[in-house]
Amino acid sequence: MSRLSRQPSERTIRPKLVSRLELARDGTLSGFVYDAQEPERRYSIEILLDGLVFSTTYADAFVPELAEQAHQASCGFAITIEPDLLRAARTLEARLANLGTPVGQSVNLESEGANRADLRKTCQLRWLGGLHFQGWIDSDSALFLEAIVDGEAVAQVNATAWTHVGEAAAHRNARAFDFHAPRRFADGRVHRVSLRREDGEPIPSTAVFVAFPDGLAGMIDALGGYGAERLRGSAV
């Protein structure tokens, strides 16, 4: 009687991780993690103080330095830890949730050298529907940006207002902006919008959008949709 061979299960295949973990002076713990064999995969991260899990986060934030090196860039994370918690602990660690695989090197909180780079988001661009976009960017002074749709500069964007960003424990001020793409992009096709500074430096945030000449309600009419769907489309 032949013995059946057992294929290794997915759980026994360990990912080939590239990761980093750093703590900044303001209490921001930041880092990144990705699997070199499956760079599109994303992970949930457990944060531990003295071996006890006290927070979880998801590693999907943009990491500029990885993008510059042509690596997987949307694999970062950052959380802010209360100073009292840091003062009461000795070690700070991160690991993959449910797997226990370490992320980066643990931080010795009793050392004075816990001052590293900060991987918090520096900007955000959101599509609000139709041709409308909003967002923010870290800057002390007002900024004047260009909106780029499918590689073409289409509008000037003034980041002159103020808004609050970040977690409740570490709110900070950032410059806010609000703009519309030209009506010619309301053609029912998928477009990609991004921003760049006046000197041509790209802003590390993009959005994908689809807009219709007469709005979503017009598209539903053209397709012969039902009344209930048209009412919902009119509200978009």
# chains A, B, ... in the order shown; residues from 1 in each chain; ligands from 1
$ residues_around --residues "Val154 in chain A" --least-positions-apart "4" --cutoff "10 Å" --atoms "only C-alpha atoms" --output "PDB file with all heavy atoms, in the first residue's frame"
ATOM      1  N   GLU A 146      -0.474  71.299  -9.269  1.00  0.00           N
ATOM      2  CA  GLU A 146      -1.096  71.006 -10.553  1.00  0.00           C
ATOM      3  C   GLU A 146      -1.808  69.667 -10.464  1.00  0.00           C
ATOM      4  O   GLU A 146      -1.253  68.707  -9.925  1.00  0.00           O
ATOM      5  CB  GLU A 146      -0.050  70.938 -11.672  1.00  0.00           C
ATOM      6  CG  GLU A 146       0.421  72.272 -12.183  1.00  0.00           C
ATOM      7  CD  GLU A 146       1.301  72.108 -13.407  1.00  0.00           C
ATOM      8  OE1 GLU A 146       2.246  71.306 -13.340  1.00  0.00           O
ATOM      9  OE2 GLU A 146       1.052  72.776 -14.417  1.00  0.00           O
ATOM     10  N   ALA A 147      -3.028  69.600 -10.998  1.00  0.00           N
ATOM     11  CA  ALA A 147      -3.752  68.334 -11.108  1.00  0.00           C
ATOM     12  C   ALA A 147      -3.400  67.696 -12.443  1.00  0.00           C
ATOM     13  O   ALA A 147      -3.449  68.355 -13.488  1.00  0.00           O
ATOM     14  CB  ALA A 147      -5.249  68.569 -11.007  1.00  0.00           C
ATOM     15  N   ILE A 148      -3.057  66.408 -12.388  1.00  0.00           N
ATOM     16  CA  ILE A 148      -2.656  65.665 -13.583  1.00  0.00           C
ATOM     17  C   ILE A 148      -3.657  64.542 -13.808  1.00  0.00           C
ATOM     18  O   ILE A 148      -3.871  63.697 -12.920  1.00  0.00           O
ATOM     19  CB  ILE A 148      -1.242  65.056 -13.419  1.00  0.00           C
ATOM     20  CG1 ILE A 148      -0.259  66.109 -12.890  1.00  0.00           C
ATOM     21  CG2 ILE A 148      -0.765  64.450 -14.717  1.00  0.00           C
ATOM     22  CD1 ILE A 148      -0.044  67.279 -13.806  1.00  0.00           C
ATOM     23  N   VAL A 149      -4.298  64.514 -14.973  1.00  0.00           N
ATOM     24  CA  VAL A 149      -5.227  63.440 -15.321  1.00  0.00           C
ATOM     25  C   VAL A 149      -4.652  62.676 -16.507  1.00  0.00           C
ATOM     26  O   VAL A 149      -4.414  63.257 -17.568  1.00  0.00           O
ATOM     27  CB  VAL A 149      -6.628  63.970 -15.657  1.00  0.00           C
ATOM     28  CG1 VAL A 149      -7.537  62.828 -16.106  1.00  0.00           C
ATOM     29  CG2 VAL A 149      -7.236  64.682 -14.450  1.00  0.00           C
ATOM     30  N   ASP A 150      -4.385  61.402 -16.305  1.00  0.00           N
ATOM     31  CA  ASP A 150      -3.824  60.542 -17.352  1.00  0.00           C
ATOM     32  C   ASP A 150      -2.563  61.156 -17.964  1.00  0.00           C
ATOM     33  O   ASP A 150      -2.355  61.125 -19.184  1.00  0.00           O
ATOM     34  CB  ASP A 150      -4.864  60.273 -18.444  1.00  0.00           C
ATOM     35  CG  ASP A 150      -6.099  59.582 -17.916  1.00  0.00           C
ATOM     36  OD1 ASP A 150      -6.009  58.912 -16.879  1.00  0.00           O
ATOM     37  OD2 ASP A 150      -7.174  59.720 -18.536  1.00  0.00           O
ATOM     38  N   HIS A 180     -12.106  70.534  -8.971  1.00  0.00           N
ATOM     39  CA  HIS A 180     -12.861  69.739  -9.932  1.00  0.00           C
ATOM     40  C   HIS A 180     -12.012  69.523 -11.189  1.00  0.00           C
ATOM     41  O   HIS A 180     -11.325  70.456 -11.639  1.00  0.00           O
ATOM     42  CB  HIS A 180     -14.170  70.418 -10.329  1.00  0.00           C
ATOM     43  CG  HIS A 180     -15.202  70.424  -9.241  1.00  0.00           C
ATOM     44  ND1 HIS A 180     -15.141  71.282  -8.160  1.00  0.00           N
ATOM     45  CD2 HIS A 180     -16.316  69.661  -9.065  1.00  0.00           C
ATOM     46  CE1 HIS A 180     -16.183  71.057  -7.370  1.00  0.00           C
ATOM     47  NE2 HIS A 180     -16.905  70.091  -7.885  1.00  0.00           N
ATOM     48  N   ALA A 181     -12.074  68.333 -11.749  1.00  0.00           N
ATOM     49  CA  ALA A 181     -11.443  68.080 -13.040  1.00  0.00           C
ATOM     50  C   ALA A 181     -12.321  68.675 -14.142  1.00  0.00           C
ATOM     51  O   ALA A 181     -13.525  68.865 -13.953  1.00  0.00           O
ATOM     52  CB  ALA A 181     -11.266  66.577 -13.258  1.00  0.00           C
ATOM     53  N   PRO A 182     -11.764  69.014 -15.303  1.00  0.00           N
ATOM     54  CA  PRO A 182     -12.557  69.577 -16.400  1.00  0.00           C
ATOM     55  C   PRO A 182     -13.692  68.643 -16.837  1.00  0.00           C
ATOM     56  O   PRO A 182     -13.583  67.415 -16.747  1.00  0.00           O
ATOM     57  CB  PRO A 182     -11.521  69.742 -17.525  1.00  0.00           C
ATOM     58  CG  PRO A 182     -10.210  69.873 -16.817  1.00  0.00           C
ATOM     59  CD  PRO A 182     -10.319  68.971 -15.617  1.00  0.00           C
ATOM     60  N   VAL A 193      -6.086  60.369 -11.578  1.00  0.00           N
ATOM     61  CA  VAL A 193      -5.689  61.742 -11.262  1.00  0.00           C
ATOM     62  C   VAL A 193      -4.590  61.730 -10.207  1.00  0.00           C
ATOM     63  O   VAL A 193      -4.584  60.893  -9.297  1.00  0.00           O
ATOM     64  CB  VAL A 193      -6.909  62.570 -10.774  1.00  0.00           C
ATOM     65  CG1 VAL A 193      -7.502  61.972  -9.512  1.00  0.00           C
ATOM     66  CG2 VAL A 193      -6.516  64.029 -10.537  1.00  0.00           C
TER      67      VAL A 193
END
$ select_by_dssp --residues "range 84-160 of chain A" --states "helix (DSSP H, G or I)" --output "mmCIF file with N, CA and C atoms, in the first residue's frame"
data_model
loop_
_atom_site.group_PDB
_atom_site.id
_atom_site.type_symbol
_atom_site.label_atom_id
_atom_site.label_comp_id
_atom_site.auth_asym_id
_atom_site.auth_seq_id
_atom_site.Cartn_x
_atom_site.Cartn_y
_atom_site.Cartn_z
ATOM 1 N N ASP A 84 3.173 58.037 28.177
ATOM 2 C CA ASP A 84 3.133 57.298 29.441
ATOM 3 C C ASP A 84 3.328 55.804 29.227
ATOM 4 N N LEU A 85 2.773 55.269 28.141
ATOM 5 C CA LEU A 85 2.941 53.847 27.849
ATOM 6 C C LEU A 85 4.393 53.530 27.510
ATOM 7 N N LEU A 86 5.031 54.399 26.736
ATOM 8 C CA LEU A 86 6.427 54.177 26.371
ATOM 9 C C LEU A 86 7.347 54.257 27.582
ATOM 10 N N ARG A 87 7.070 55.183 28.474
ATOM 11 C CA ARG A 87 7.915 55.328 29.670
ATOM 12 C C ARG A 87 7.781 54.139 30.611
ATOM 13 N N ALA A 88 6.630 53.476 30.584
ATOM 14 C CA ALA A 88 6.397 52.365 31.515
ATOM 15 C C ALA A 88 6.889 51.026 30.980
#
$ closest_residue --among "A:Ala89, A:Ala24, A:Ala211, A:Ala94" --to "Arg184 in chain A" --atoms "only C-alpha atoms"
A:Ala211
$ select_by_dssp --residues "range 70-184 of chain A" --states "strand (DSSP E)" --output "PyMOL selection string"
chain A and resi 74-80+91-96+107-108+123-129+132-137+143-149+152-159+161-165+172-180
$ atom_distance --atom1 "CA of Ala78 in chain A" --atom2 "CA of Ala142 in chain A"
25.6 Å
$ closest_residue --among "A:Ser194, A:Ser139, A:Arg41, A:Val18" --to "Trp127 in chain A" --atoms "only C-alpha atoms"
A:Ser194
$ residues_around --residues "Gly51 in chain A" --least-positions-apart "3" --cutoff "8 Å" --atoms "only C-alpha atoms" --output "count of residues only"
4
$ closest_residue --among "A:Cys123, A:Ala174, A:Val165, A:Phe185" --to "Glu152 in chain A" --atoms "only C-alpha atoms"
A:Phe185
$ closest_residue --among "A:Phe32, A:Gly129, A:Gly188, A:Val103" --to "Asp214 in chain A" --atoms "only C-alpha atoms"
A:Gly188
$ closest_residue --among "A:Ile79, A:Ala153, A:Leu49, A:Val190" --to "Leu131 in chain A" --atoms "only C-alpha atoms"
A:Val190
$ atom_distance --atom1 "CA of Ala97 in chain A" --atom2 "CA of Ser44 in chain A"
5.5 Å
$ closest_residue --among "A:Pro213, A:Pro204, A:Pro102, A:Gly130" --to "Glu65 in chain A" --atoms "only C-alpha atoms"
A:Pro204
